[in-house]
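*Asks:* Sharing a structure below in C-alpha coordinates format, with a few things to ask.
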Amino acid sequence: MGKPGIIAFPVLLVLGAITGYLAYDMLVIQSTPVMGIYDNSPYRKDLAGAQAQSPTPENSAEEQPSEEAPAAEETPAAEETPSEGSVVTISILKGSSAQGAPDFDPDAATASLSDTIKWVNNDTTYHTATSGTGIDDENSGSAFDTSLLAPGKEYSIKASEIGAGEYEYYCQAHPFMVGTLTIE
(Lines give C-alpha, C1' and ligand atoms only; values in the text may rest on other atoms or scores of the structure.)
Protein backbone atom coordinates (compact mmCIF):
# COMPACT_ATOMS: atom_id res chain seq x y z
CA MET A 1 0.00 0.00 0.00
CA GLY A 2 0.99 3.55 -0.64
CA LYS A 3 1.49 6.32 1.77
CA PRO A 4 -1.72 8.21 2.70
CA GLY A 5 -0.05 11.60 2.09
CA ILE A 6 0.53 10.87 -1.60
CA ILE A 7 -3.21 10.89 -2.36
CA ALA A 8 -4.40 13.25 0.38
CA PHE A 9 -2.04 16.12 -0.46
CA PRO A 10 -3.20 16.65 -4.10
CA VAL A 11 -6.83 16.25 -3.02
CA LEU A 12 -6.37 18.93 -0.35
CA LEU A 13 -4.68 21.22 -2.88
CA VAL A 14 -7.59 20.87 -5.32
CA LEU A 15 -10.20 21.41 -2.60
CA GLY A 16 -8.28 24.44 -1.31
CA ALA A 17 -8.11 25.95 -4.80
CA ILE A 18 -11.85 25.46 -5.34
CA THR A 19 -12.66 26.94 -1.92
CA GLY A 20 -10.36 29.90 -2.55
CA TYR A 21 -11.92 30.62 -5.94
CA LEU A 22 -15.46 30.43 -4.57
CA ALA A 23 -14.59 32.63 -1.58
CA TYR A 24 -12.91 35.21 -3.84
CA ASP A 25 -15.91 35.21 -6.19
CA MET A 26 -18.44 35.68 -3.39
CA LEU A 27 -16.47 38.08 -1.19
CA VAL A 28 -14.81 40.28 -3.80
CA ILE A 29 -16.42 40.06 -7.21
CA GLN A 30 -20.08 39.74 -6.25
CA SER A 31 -19.90 42.23 -3.37
CA THR A 32 -18.17 44.99 -5.34
CA PRO A 33 -20.59 47.93 -5.70
CA VAL A 34 -21.68 48.92 -9.18
CA MET A 35 -22.51 52.50 -10.13
CA GLY A 36 -26.18 53.18 -10.70
CA ILE A 37 -29.51 53.71 -9.06
CA TYR A 38 -31.18 50.78 -7.36
CA ASP A 39 -34.90 51.47 -7.19
CA ASN A 40 -35.60 48.28 -5.24
CA SER A 41 -33.04 48.92 -2.49
CA PRO A 42 -34.48 49.17 1.03
CA TYR A 43 -32.03 52.02 1.68
CA ARG A 44 -33.07 54.20 -1.27
CA LYS A 45 -34.88 57.42 -0.44
CA ASP A 46 -35.80 60.04 -3.03
CA LEU A 47 -34.45 63.51 -2.31
CA ALA A 48 -36.87 66.41 -2.08
CA GLY A 49 -36.94 68.34 -5.34
CA ALA A 50 -35.07 65.59 -7.22
CA GLN A 51 -36.55 64.04 -10.30
CA ALA A 52 -37.48 60.44 -9.46
CA GLN A 53 -36.76 59.12 -12.94
CA SER A 54 -34.03 60.42 -15.21
CA PRO A 55 -35.18 61.43 -18.69
CA THR A 56 -34.75 58.75 -21.33
CA PRO A 57 -35.02 58.89 -25.11
CA GLU A 58 -38.28 56.94 -24.83
CA ASN A 59 -39.94 59.88 -23.03
CA SER A 60 -41.79 61.98 -25.57
CA ALA A 61 -41.58 65.76 -25.68
CA GLU A 62 -45.23 65.94 -24.55
CA GLU A 63 -44.50 63.97 -21.38
CA GLN A 64 -41.54 66.06 -20.24
CA PRO A 65 -43.35 69.37 -19.59
CA SER A 66 -45.81 67.60 -17.29
CA GLU A 67 -42.85 66.22 -15.30
CA GLU A 68 -41.30 69.68 -14.99
CA ALA A 69 -44.42 71.30 -13.53
CA PRO A 70 -44.24 69.48 -10.15
CA ALA A 71 -40.53 70.27 -9.80
CA ALA A 72 -41.30 73.98 -10.22
CA GLU A 73 -43.87 73.74 -7.42
CA GLU A 74 -41.37 72.05 -5.11
CA THR A 75 -38.95 74.95 -5.48
CA PRO A 76 -41.17 78.03 -5.79
CA ALA A 77 -38.25 80.44 -6.22
CA ALA A 78 -37.03 78.49 -9.25
CA GLU A 79 -39.52 80.02 -11.69
CA GLU A 80 -39.93 83.53 -10.26
CA THR A 81 -39.30 86.42 -12.57
CA PRO A 82 -37.60 89.41 -11.00
CA SER A 83 -39.74 92.46 -10.33
CA GLU A 84 -36.74 94.74 -10.73
CA GLY A 85 -33.12 94.40 -11.79
CA SER A 86 -31.89 91.75 -14.17
CA VAL A 87 -31.20 88.04 -14.14
CA VAL A 88 -27.61 86.88 -13.69
CA THR A 89 -27.43 83.39 -15.16
CA ILE A 90 -24.73 80.97 -14.06
CA SER A 91 -24.53 77.87 -16.23
CA ILE A 92 -23.38 74.49 -14.94
CA LEU A 93 -21.49 73.35 -18.01
CA LYS A 94 -21.87 70.01 -19.77
CA GLY A 95 -19.13 67.61 -18.68
CA SER A 96 -18.37 69.59 -15.52
CA SER A 97 -18.55 66.46 -13.35
CA ALA A 98 -15.14 65.43 -14.73
CA GLN A 99 -12.47 66.81 -12.43
CA GLY A 100 -10.45 69.53 -14.17
CA ALA A 101 -13.16 70.32 -16.74
CA PRO A 102 -14.75 73.80 -16.87
CA ASP A 103 -17.61 73.83 -14.37
CA PHE A 104 -19.51 77.10 -13.79
CA ASP A 105 -19.87 79.83 -16.41
CA PRO A 106 -18.97 82.42 -15.35
CA ASP A 107 -16.68 81.11 -12.63
CA ALA A 108 -16.74 84.53 -10.96
CA ALA A 109 -20.19 86.10 -11.29
CA THR A 110 -21.17 89.60 -10.18
CA ALA A 111 -24.68 90.80 -9.38
CA SER A 112 -26.33 93.81 -7.75
CA LEU A 113 -28.77 93.54 -4.85
CA SER A 114 -31.71 94.15 -7.21
CA ASP A 115 -30.75 91.22 -9.48
CA THR A 116 -31.90 87.61 -9.46
CA ILE A 117 -29.26 84.90 -9.63
CA LYS A 118 -30.19 81.80 -11.64
CA TRP A 119 -28.21 78.55 -11.88
CA VAL A 120 -29.02 76.36 -14.90
CA ASN A 121 -27.84 72.73 -15.00
CA ASN A 122 -26.73 72.09 -18.60
CA ASP A 123 -24.91 68.89 -17.65
CA THR A 124 -26.20 65.31 -17.86
CA THR A 125 -25.95 64.62 -14.12
CA TYR A 126 -27.17 66.16 -10.85
CA HIS A 127 -25.35 69.16 -9.35
CA THR A 128 -25.72 71.75 -6.61
CA ALA A 129 -24.52 75.30 -6.04
CA THR A 130 -23.97 75.51 -2.30
CA SER A 131 -22.41 78.48 -0.52
CA GLY A 132 -19.19 77.69 1.31
CA THR A 133 -15.71 76.43 0.66
CA GLY A 134 -16.54 72.72 0.78
CA ILE A 135 -18.30 69.93 2.58
CA ASP A 136 -16.25 70.46 5.76
CA ASP A 137 -17.21 74.16 5.95
CA GLU A 138 -19.43 74.58 9.03
CA ASN A 139 -21.31 77.44 7.28
CA SER A 140 -21.89 75.40 4.14
CA GLY A 141 -25.24 76.26 2.57
CA SER A 142 -26.02 79.05 5.03
CA ALA A 143 -26.23 81.79 2.35
CA PHE A 144 -27.78 79.71 -0.47
CA ASP A 145 -28.17 76.13 -1.63
CA THR A 146 -29.84 75.04 -4.85
CA SER A 147 -30.30 71.49 -3.57
CA LEU A 148 -29.84 68.79 -6.22
CA LEU A 149 -30.59 70.16 -9.68
CA ALA A 150 -31.57 67.52 -12.22
CA PRO A 151 -30.21 67.86 -15.76
CA GLY A 152 -31.99 70.73 -17.54
CA LYS A 153 -33.40 72.20 -14.30
CA GLU A 154 -32.74 75.63 -12.85
CA TYR A 155 -32.88 77.45 -9.52
CA SER A 156 -33.32 81.17 -8.92
CA ILE A 157 -32.89 83.34 -5.83
CA LYS A 158 -33.01 87.11 -5.36
CA ALA A 159 -29.64 88.61 -4.54
CA SER A 160 -31.26 90.66 -1.78
CA GLU A 161 -32.13 87.39 0.02
CA ILE A 162 -28.43 86.45 0.04
CA GLY A 163 -27.05 89.90 0.90
CA ALA A 164 -24.09 91.93 -0.24
CA GLY A 165 -20.66 90.32 -0.13
CA GLU A 166 -18.41 87.82 -1.84
CA TYR A 167 -19.49 84.19 -1.62
CA GLU A 168 -17.57 81.09 -2.57
CA TYR A 169 -19.71 78.13 -3.59
CA TYR A 170 -19.25 74.53 -4.69
CA CYS A 171 -21.16 71.46 -5.86
CA GLN A 172 -21.92 69.01 -3.04
CA ALA A 173 -21.90 66.07 -5.47
CA HIS A 174 -18.59 67.17 -7.05
CA PRO A 175 -16.68 69.28 -4.44
CA PHE A 176 -13.91 70.11 -6.93
CA MET A 177 -16.44 72.28 -8.79
CA VAL A 178 -16.08 75.78 -7.29
CA GLY A 179 -17.13 79.31 -8.18
CA THR A 180 -17.56 82.76 -6.63
CA LEU A 181 -20.51 85.11 -6.52
CA THR A 182 -20.07 88.80 -5.68
CA ILE A 183 -23.16 90.79 -4.77
CA GLU A 184 -22.69 94.57 -4.68
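Chain lettering (A, B, ...) mirrors the order of the C-alpha coordinates, residue numbering begins at 1 for each chain separately, and ligand numbering begins at 1 in order of display.
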Using only C-alpha atoms, which residues sit within 10 Å of Ala173 of chain A once same-chain residues fewer than 6 positions away are excluded, as a PyMOL selection string?

*Replies:* chain A and resi 97+125-129+135+148

*Asks:* I need the chosen residues saved as a PDB file, in the first residue's frame, with N, CA, C and O atoms.

*Replies:*
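Result saved to selection.pdb:
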ATOM      1  N   SER A  97     -18.763  67.443 -14.412  1.00  0.00           N
ATOM      2  CA  SER A  97     -18.554  66.460 -13.350  1.00  0.00           C
ATOM      3  C   SER A  97     -17.196  65.764 -13.468  1.00  0.00           C
ATOM      4  O   SER A  97     -16.778  65.072 -12.544  1.00  0.00           O
ATOM      5  N   THR A 125     -25.857  65.209 -15.444  1.00  0.00           N
ATOM      6  CA  THR A 125     -25.950  64.615 -14.117  1.00  0.00           C
ATOM      7  C   THR A 125     -26.392  65.666 -13.107  1.00  0.00           C
ATOM      8  O   THR A 125     -26.456  66.853 -13.424  1.00  0.00           O
ATOM      9  N   TYR A 126     -26.711  65.259 -11.897  1.00  0.00           N
ATOM     10  CA  TYR A 126     -27.173  66.162 -10.854  1.00  0.00           C
ATOM     11  C   TYR A 126     -26.017  66.988 -10.291  1.00  0.00           C
ATOM     12  O   TYR A 126     -24.908  66.497 -10.159  1.00  0.00           O
ATOM     13  N   HIS A 127     -26.324  68.250  -9.950  1.00  0.00           N
ATOM     14  CA  HIS A 127     -25.346  69.159  -9.355  1.00  0.00           C
ATOM     15  C   HIS A 127     -26.039  70.036  -8.323  1.00  0.00           C
ATOM     16  O   HIS A 127     -27.266  70.132  -8.307  1.00  0.00           O
ATOM     17  N   THR A 128     -25.214  70.714  -7.509  1.00  0.00           N
ATOM     18  CA  THR A 128     -25.724  71.752  -6.610  1.00  0.00           C
ATOM     19  C   THR A 128     -24.839  72.982  -6.755  1.00  0.00           C
ATOM     20  O   THR A 128     -23.724  72.907  -7.283  1.00  0.00           O
ATOM     21  N   ALA A 129     -25.337  74.104  -6.254  1.00  0.00           N
ATOM     22  CA  ALA A 129     -24.522  75.302  -6.043  1.00  0.00           C
ATOM     23  C   ALA A 129     -24.786  75.672  -4.592  1.00  0.00           C
ATOM     24  O   ALA A 129     -25.854  76.172  -4.245  1.00  0.00           O
ATOM     25  N   ILE A 135     -17.438  70.727   1.725  1.00  0.00           N
ATOM     26  CA  ILE A 135     -18.300  69.926   2.583  1.00  0.00           C
ATOM     27  C   ILE A 135     -17.949  70.112   4.054  1.00  0.00           C
ATOM     28  O   ILE A 135     -18.827  70.094   4.913  1.00  0.00           O
ATOM     29  N   LEU A 148     -30.233  69.511  -5.008  1.00  0.00           N
ATOM     30  CA  LEU A 148     -29.844  68.794  -6.216  1.00  0.00           C
ATOM     31  C   LEU A 148     -30.660  69.282  -7.408  1.00  0.00           C
ATOM     32  O   LEU A 148     -31.888  69.258  -7.368  1.00  0.00           O
TER      33      LEU A 148
END

*Asks:* Identify, on the basis of only C-alpha atoms, every residue whose closest approach to Gly132 of chain A does not exceed 6 Å; exclude the query and any residue fewer than 3 positions from it along the same chain; express the result as a PDB file with all heavy atoms, in the first residue's frame.

*Replies:*
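Resulting contents of part.pdb:
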ATOM      1  N   SER A 140     -21.492  75.853   5.467  1.00  0.00           N
ATOM      2  CA  SER A 140     -21.887  75.397   4.136  1.00  0.00           C
ATOM      3  C   SER A 140     -23.398  75.486   3.963  1.00  0.00           C
ATOM      4  O   SER A 140     -24.154  74.990   4.791  1.00  0.00           O
ATOM      5  CB  SER A 140     -21.422  73.956   3.936  1.00  0.00           C
ATOM      6  OG  SER A 140     -21.839  73.482   2.683  1.00  0.00           O
ATOM      7  N   GLU A 168     -18.092  82.249  -1.860  1.00  0.00           N
ATOM      8  CA  GLU A 168     -17.567  81.094  -2.568  1.00  0.00           C
ATOM      9  C   GLU A 168     -18.658  80.030  -2.531  1.00  0.00           C
ATOM     10  O   GLU A 168     -19.429  79.956  -1.576  1.00  0.00           O
ATOM     11  CB  GLU A 168     -16.306  80.562  -1.890  1.00  0.00           C
ATOM     12  CG  GLU A 168     -15.139  81.522  -1.965  1.00  0.00           C
ATOM     13  CD  GLU A 168     -13.891  80.949  -1.312  1.00  0.00           C
ATOM     14  OE1 GLU A 168     -13.779  79.708  -1.179  1.00  0.00           O
ATOM     15  OE2 GLU A 168     -13.031  81.741  -0.942  1.00  0.00           O
ATOM     16  N   TYR A 169     -18.742  79.221  -3.582  1.00  0.00           N
ATOM     17  CA  TYR A 169     -19.709  78.132  -3.593  1.00  0.00           C
ATOM     18  C   TYR A 169     -19.124  76.935  -4.315  1.00  0.00           C
ATOM     19  O   TYR A 169     -18.119  77.045  -5.021  1.00  0.00           O
ATOM     20  CB  TYR A 169     -21.058  78.564  -4.189  1.00  0.00           C
ATOM     21  CG  TYR A 169     -21.028  78.962  -5.640  1.00  0.00           C
ATOM     22  CD1 TYR A 169     -21.286  78.035  -6.642  1.00  0.00           C
ATOM     23  CD2 TYR A 169     -20.770  80.275  -6.023  1.00  0.00           C
ATOM     24  CE1 TYR A 169     -21.286  78.394  -7.969  1.00  0.00           C
ATOM     25  CE2 TYR A 169     -20.759  80.645  -7.350  1.00  0.00           C
ATOM     26  CZ  TYR A 169     -21.020  79.699  -8.316  1.00  0.00           C
ATOM     27  OH  TYR A 169     -21.008  80.055  -9.638  1.00  0.00           O
TER      28      TYR A 169
END

*Asks:* Can you tell me how far atom CA of Thr110 of chain A sits from atom CA of Lys158 of chain A, in Å to one decimal?

*Replies:*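 These two atoms are separated by 13.0 Å.
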
*Asks:* Of the candidates A:Ala23, A:Leu93, A:Ile157, A:Val178, which shows the shortest atom-to-atom distance to Ala111 of chain A, using only C-alpha atoms?

*Replies:*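 Checking each candidate against Ala111 of chain A, we get A:Ile157 as the closest.
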
*Asks:* Work out how far apart atom CA of Met177 of chain A and atom CA of Ile162 of chain A are and give it in Å to one decimal.

*Replies:* 20.6 Å

*Asks:* Using only C-alpha atoms for the distances, tell me which of A:Asp107, A:Thr130, A:Gly16, A:Ser114 is nearest to Tyr155 of chain A.

*Replies:*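 Counting only C-alpha atoms, the residue closest to Tyr155 of chain A is A:Thr130.
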
*Asks:* Could you check the closest approach to Ala150 of chain A for each of A:Phe176, A:Tyr21, A:Trp119, A:Tyr170 and tell me which residue wins, using only C-alpha atoms?

*Replies:*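 Nearest candidate to Ala150 of chain A out of A:Phe176, A:Tyr21, A:Trp119, A:Tyr170: A:Trp119.
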